[in-house]
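**Student:** Below you will find the structure I want to go over with you.
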Amino acid sequence: MLCLGIEGTAHTFGVGIVNSKGKILANTSRVYTPPKGGIHPREAAQFHTANARAVLSDALKTAGVDIENIDLIAFSLGPGLGPCLRTAATAARALAAFHDIPILGINHCIAHVEIGRLVARAKDPVTLYVSGGNTQVIAFDAGRYRVFGETLDIPVGNCLDVFAREVGLPHPGGPNVERLAREGKRYVLLPYVVKGMDLSFSGLMTETVRKHRAGADVRDLCYSLQETAFAALVEVTERAVAHTEKREVMLTGGVAANKRLREMLKLMAKEHHAKFFVPPMELCADNGAMIGWTGILAYTHGVRQNLEDTVVNQRWRVDEVSIPWR
Ligand code: AMP
Ligand code: MG
């Protein structure tokens, strides 16, 4: 069985083609980068419209298959930015309807976890999913993926990006903050916010910008921002590991590229006798293959949708989805 997965929750339009053995035959994408500032949802959606055809034909060509060989169309139904979700959904529905192929809307966050379980060979991890649009600690419990902790305001990737923009570092901010953080020498006291199992980064972001305006060294600030934000992420992940007694920790999402975050999580995992996994970066980032693979899991375990069920859901939470494949 071959599934074509379409990802379009935010800045990435991706198409992946995956078979039922978990082999990824193609995984192509194009990423919208705003000329300045953050992502404008409507502009990102227009980018997806303009690039959908090229990404799709690239994927089919790479996989060496025709659309007629595809047995299932899966797409990112949510959560994400409305205009982007609707563009991906429209592309998926058009393909499915025109070629008479079954269609399934997939939860983006669950897809991040499932592609990680496939390629990193983690069986039952506590997952820290950190990106420009999401920050969640997710683990499987009692038949569903559950959110053990999450940001109450902005995602950690967004915190790094906005800080970087404010201090004049190029976009995306994360890698530039990481580079400068290595030259930081002094820890500047910043607000560390963990509330119960949840996190908050907007006060941290504002205070780091304020300290920059007050003349603090940008390298020290990058270092301190990373140490503070990552310590909070590791604390919540650690408590989820302690509570669930799981023996695997997985890191995914765009911020997973960060070496310091990897190092801190790896150390925590070791202290709990847990294995630590990070999927290859092209599968940590938003991608079509993860949607395709989750589509295969769902379809082969009896999940079916009619076209009417494929209305996008900007706020679709992982714990609303039943998981017949686990
Ligand atoms: P995504 O939303 O999954 O596409 O990931 C993009 C986010 O990852 C942006 O917020 C980037 O700034 C962030 N990011 C990418 N590389 C790094 C890095 N090395 N360190 C921290 N954040 C990063
Ligand atoms: Mg994502």
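Identifiers in this document derive from the order of the structure tokens: chains are assigned A, B, ..., residues are numbered from 1 separately in each chain, and ligands are numbered from 1 in order of occurrence.
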Taking the backbone alone, and naming residues the way the document does, which bits of stretch 118-284 of chain A are helix (DSSP H, G or I) by DSSP, as a ChimeraX atom specification?

**Tutor:** /A:118-119,156-166,173-181,202-213,218-244,254-257,259-271,281-284

**Student:** Give me the stretch 134-166 of chain A side of the contact with stretch 98-114 of chain A, cut-off 12 Å, one line per residue showing its nearest atom pair and distance in Å at one decimal, counting only C-alpha atoms, sorted by chain and residue number, as JSON lines.

**Tutor:**
{"residue": "A:Asn134", "atom": "CA", "partner": "A:Cys109", "partner_atom": "CA", "distance": 8.5}
{"residue": "A:Thr135", "atom": "CA", "partner": "A:Cys109", "partner_atom": "CA", "distance": 10.0}
{"residue": "A:Gln136", "atom": "CA", "partner": "A:Cys109", "partner_atom": "CA", "distance": 8.9}
{"residue": "A:Val137", "atom": "CA", "partner": "A:Cys109", "partner_atom": "CA", "distance": 10.5}
{"residue": "A:Ile138", "atom": "CA", "partner": "A:Val113", "partner_atom": "CA", "distance": 8.3}
{"residue": "A:Ala139", "atom": "CA", "partner": "A:Val113", "partner_atom": "CA", "distance": 8.9}
{"residue": "A:Phe140", "atom": "CA", "partner": "A:Val113", "partner_atom": "CA", "distance": 10.0}
{"residue": "A:Arg144", "atom": "CA", "partner": "A:Ile110", "partner_atom": "CA", "distance": 10.0}
{"residue": "A:Tyr145", "atom": "CA", "partner": "A:Ile110", "partner_atom": "CA", "distance": 7.6}
{"residue": "A:Arg146", "atom": "CA", "partner": "A:Ile110", "partner_atom": "CA", "distance": 10.1}
{"residue": "A:Val147", "atom": "CA", "partner": "A:Cys109", "partner_atom": "CA", "distance": 10.5}

**Student:** Per DSSP on the backbone, what are the strand (DSSP E or B) residues of stretch 26-241 of chain A, as a PDB file with C-alpha atoms, in the first residue's frame?

**Tutor:**
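Final file, out_12.pdb:
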ATOM      1  CA  ALA A  26       9.920  10.478  -1.349  1.00  0.00           C
ATOM      2  CA  ASN A  27       9.865  13.403   1.041  1.00  0.00           C
ATOM      3  CA  THR A  28       9.986  16.763  -0.695  1.00  0.00           C
ATOM      4  CA  SER A  29       9.043  20.216   0.475  1.00  0.00           C
ATOM      5  CA  ARG A  30       9.309  23.933  -0.025  1.00  0.00           C
ATOM      6  CA  VAL A  31       9.424  26.342   2.872  1.00  0.00           C
ATOM      7  CA  LEU A  72      -4.396   6.684   0.149  1.00  0.00           C
ATOM      8  CA  ILE A  73      -4.122  10.473   0.406  1.00  0.00           C
ATOM      9  CA  ALA A  74      -3.339  11.753   3.923  1.00  0.00           C
ATOM     10  CA  PHE A  75      -3.052  15.417   4.854  1.00  0.00           C
ATOM     11  CA  SER A  76      -2.429  17.583   7.919  1.00  0.00           C
ATOM     12  CA  LEU A  77      -5.920  18.393   9.216  1.00  0.00           C
ATOM     13  CA  GLY A  78      -4.610  20.362  12.214  1.00  0.00           C
ATOM     14  CA  ILE A 103      -8.571  10.387   2.078  1.00  0.00           C
ATOM     15  CA  LEU A 104      -7.598  10.791   5.762  1.00  0.00           C
ATOM     16  CA  GLY A 105      -6.957  13.976   7.769  1.00  0.00           C
ATOM     17  CA  ILE A 106      -4.064  13.459  10.189  1.00  0.00           C
ATOM     18  CA  ASN A 107      -3.069  15.186  13.429  1.00  0.00           C
ATOM     19  CA  VAL A 126       8.078  10.641  26.160  1.00  0.00           C
ATOM     20  CA  THR A 127       8.377  13.149  23.311  1.00  0.00           C
ATOM     21  CA  LEU A 128       9.456  16.751  23.594  1.00  0.00           C
ATOM     22  CA  TYR A 129       8.085  18.425  20.465  1.00  0.00           C
ATOM     23  CA  VAL A 130       9.570  21.899  20.070  1.00  0.00           C
ATOM     24  CA  THR A 135       5.875  23.244  22.408  1.00  0.00           C
ATOM     25  CA  GLN A 136       4.483  20.092  23.991  1.00  0.00           C
ATOM     26  CA  VAL A 137       5.519  17.089  26.016  1.00  0.00           C
ATOM     27  CA  ILE A 138       3.543  14.153  24.607  1.00  0.00           C
ATOM     28  CA  ALA A 139       3.343  10.526  25.731  1.00  0.00           C
ATOM     29  CA  PHE A 140       1.009   7.599  25.093  1.00  0.00           C
ATOM     30  CA  ASP A 141      -1.238   6.622  27.984  1.00  0.00           C
ATOM     31  CA  ARG A 144      -4.340   8.015  23.493  1.00  0.00           C
ATOM     32  CA  TYR A 145      -1.494  10.422  23.137  1.00  0.00           C
ATOM     33  CA  ARG A 146      -1.670  12.803  26.091  1.00  0.00           C
ATOM     34  CA  VAL A 147      -0.212  16.226  26.620  1.00  0.00           C
ATOM     35  CA  PHE A 148       1.847  16.094  29.824  1.00  0.00           C
ATOM     36  CA  GLY A 149       2.931  19.711  29.570  1.00  0.00           C
ATOM     37  CA  GLU A 150       2.849  22.544  27.062  1.00  0.00           C
ATOM     38  CA  THR A 151       3.444  26.219  26.605  1.00  0.00           C
ATOM     39  CA  VAL A 194       7.178  26.530  34.938  1.00  0.00           C
ATOM     40  CA  LYS A 195       3.584  26.397  36.160  1.00  0.00           C
ATOM     41  CA  ASP A 198       3.185  23.853  31.796  1.00  0.00           C
ATOM     42  CA  LEU A 199       5.641  26.390  30.469  1.00  0.00           C
TER      43      LEU A 199
END

**Student:** Using only C-alpha atoms, pick whichever of A:Val255, A:Leu261, A:Ala120, A:Ile17 has the shortest atom-to-atom distance to A:Gly173.

**Tutor:**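 Of A:Val255, A:Leu261, A:Ala120, A:Ile17, the one nearest A:Gly173, counting only C-alpha atoms, is A:Val255.
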
**Student:** Choose the residue, out of A:Arg117, A:Arg315, A:His272, A:Lys259, that has the smallest atom-to-atom separation from ligand 1; count only C-alpha atoms and all ligand atoms.

**Tutor:** A:Lys259

**Student:** Distance limit 6 Å, reference ligand 1, atoms considered: only C-alpha atoms and all ligand atoms. Which residues make the cut? Give them as a PyMOL selection string.

**Tutor:** chain A and resi 131-133+157-158+161+172-175+178+253-255+257-258+285-286

**Student:** How would the residues just picked look written out with N, CA, C and O atoms as a short mmCIF file (atom, residue, chain, number, x, y, z; two decimals), in the first residue's frame?

**Tutor:**
data_model
loop_
_atom_site.label_atom_id
_atom_site.label_comp_id
_atom_site.auth_asym_id
_atom_site.auth_seq_id
_atom_site.Cartn_x
_atom_site.Cartn_y
_atom_site.Cartn_z
N SER A 131 9.02 23.45 18.30
CA SER A 131 9.18 24.03 16.97
C SER A 131 8.81 25.51 17.02
O SER A 131 8.65 26.08 18.10
N GLY A 132 8.70 26.12 15.82
CA GLY A 132 8.30 27.52 15.77
C GLY A 132 6.85 27.71 16.17
O GLY A 132 6.45 28.79 16.61
N GLY A 133 6.04 26.66 16.03
CA GLY A 133 4.61 26.78 16.30
C GLY A 133 4.08 25.94 17.44
O GLY A 133 2.92 26.09 17.84
N GLY A 157 10.43 27.95 19.98
CA GLY A 157 11.09 28.37 18.74
C GLY A 157 10.74 29.82 18.40
O GLY A 157 11.58 30.61 17.97
N ASN A 158 9.50 30.16 18.65
CA ASN A 158 9.04 31.53 18.41
C ASN A 158 9.74 32.51 19.36
O ASN A 158 10.12 33.61 18.96
N ASP A 161 13.11 33.06 17.93
CA ASP A 161 13.02 33.82 16.68
C ASP A 161 12.72 35.30 16.93
O ASP A 161 13.31 36.18 16.30
N PRO A 172 16.17 32.12 10.25
CA PRO A 172 15.51 31.84 11.52
C PRO A 172 16.44 32.08 12.69
O PRO A 172 17.64 31.84 12.60
N GLY A 173 15.87 32.56 13.79
CA GLY A 173 16.67 33.00 14.92
C GLY A 173 17.38 31.88 15.66
O GLY A 173 18.52 32.05 16.10
N GLY A 174 16.72 30.72 15.79
CA GLY A 174 17.25 29.62 16.61
C GLY A 174 18.73 29.31 16.37
O GLY A 174 19.53 29.35 17.31
N PRO A 175 19.12 29.02 15.12
CA PRO A 175 20.52 28.66 14.87
C PRO A 175 21.49 29.80 15.19
O PRO A 175 22.62 29.56 15.62
N GLU A 178 21.91 30.00 18.90
CA GLU A 178 22.79 28.89 19.32
C GLU A 178 24.27 29.23 19.06
O GLU A 178 25.12 28.99 19.91
N GLY A 253 10.87 18.23 16.22
CA GLY A 253 10.53 19.61 15.89
C GLY A 253 11.80 20.36 15.49
O GLY A 253 12.91 19.88 15.73
N GLY A 254 11.65 21.52 14.89
CA GLY A 254 12.80 22.28 14.37
C GLY A 254 13.85 22.62 15.41
O GLY A 254 15.06 22.64 15.11
N VAL A 255 13.43 22.87 16.65
CA VAL A 255 14.37 23.25 17.71
C VAL A 255 15.25 22.06 18.12
O VAL A 255 16.28 22.22 18.77
N ALA A 257 17.24 20.69 16.41
CA ALA A 257 18.57 20.88 15.82
C ALA A 257 19.57 21.38 16.86
O ALA A 257 20.78 21.26 16.66
N ASN A 258 19.08 21.94 17.94
CA ASN A 258 19.97 22.62 18.90
C ASN A 258 20.80 21.61 19.72
O ASN A 258 20.27 20.76 20.41
N ALA A 285 11.76 18.25 11.23
CA ALA A 285 11.06 19.41 10.67
C ALA A 285 9.71 18.95 10.12
O ALA A 285 9.48 17.76 9.95
N ASP A 286 8.84 19.89 9.84
CA ASP A 286 7.55 19.55 9.23
C ASP A 286 7.82 18.88 7.88
O ASP A 286 8.65 19.36 7.10
#

**Student:** How far is it from atom CA of A:Ile24 to atom CA of A:Ala289, in Å with one decimal?

**Tutor:**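 Computing it gives 6.6 Å between the two atoms.
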
**Student:** Just want the 12 Å neighbourhood of stretch 40-45 of chain A, counted on only C-alpha atoms, with same-chain residues fewer than 3 positions away dropped. Output as a ChimeraX atom specification.

**Tutor:** /A:7-13,30-37,48-52,80-91
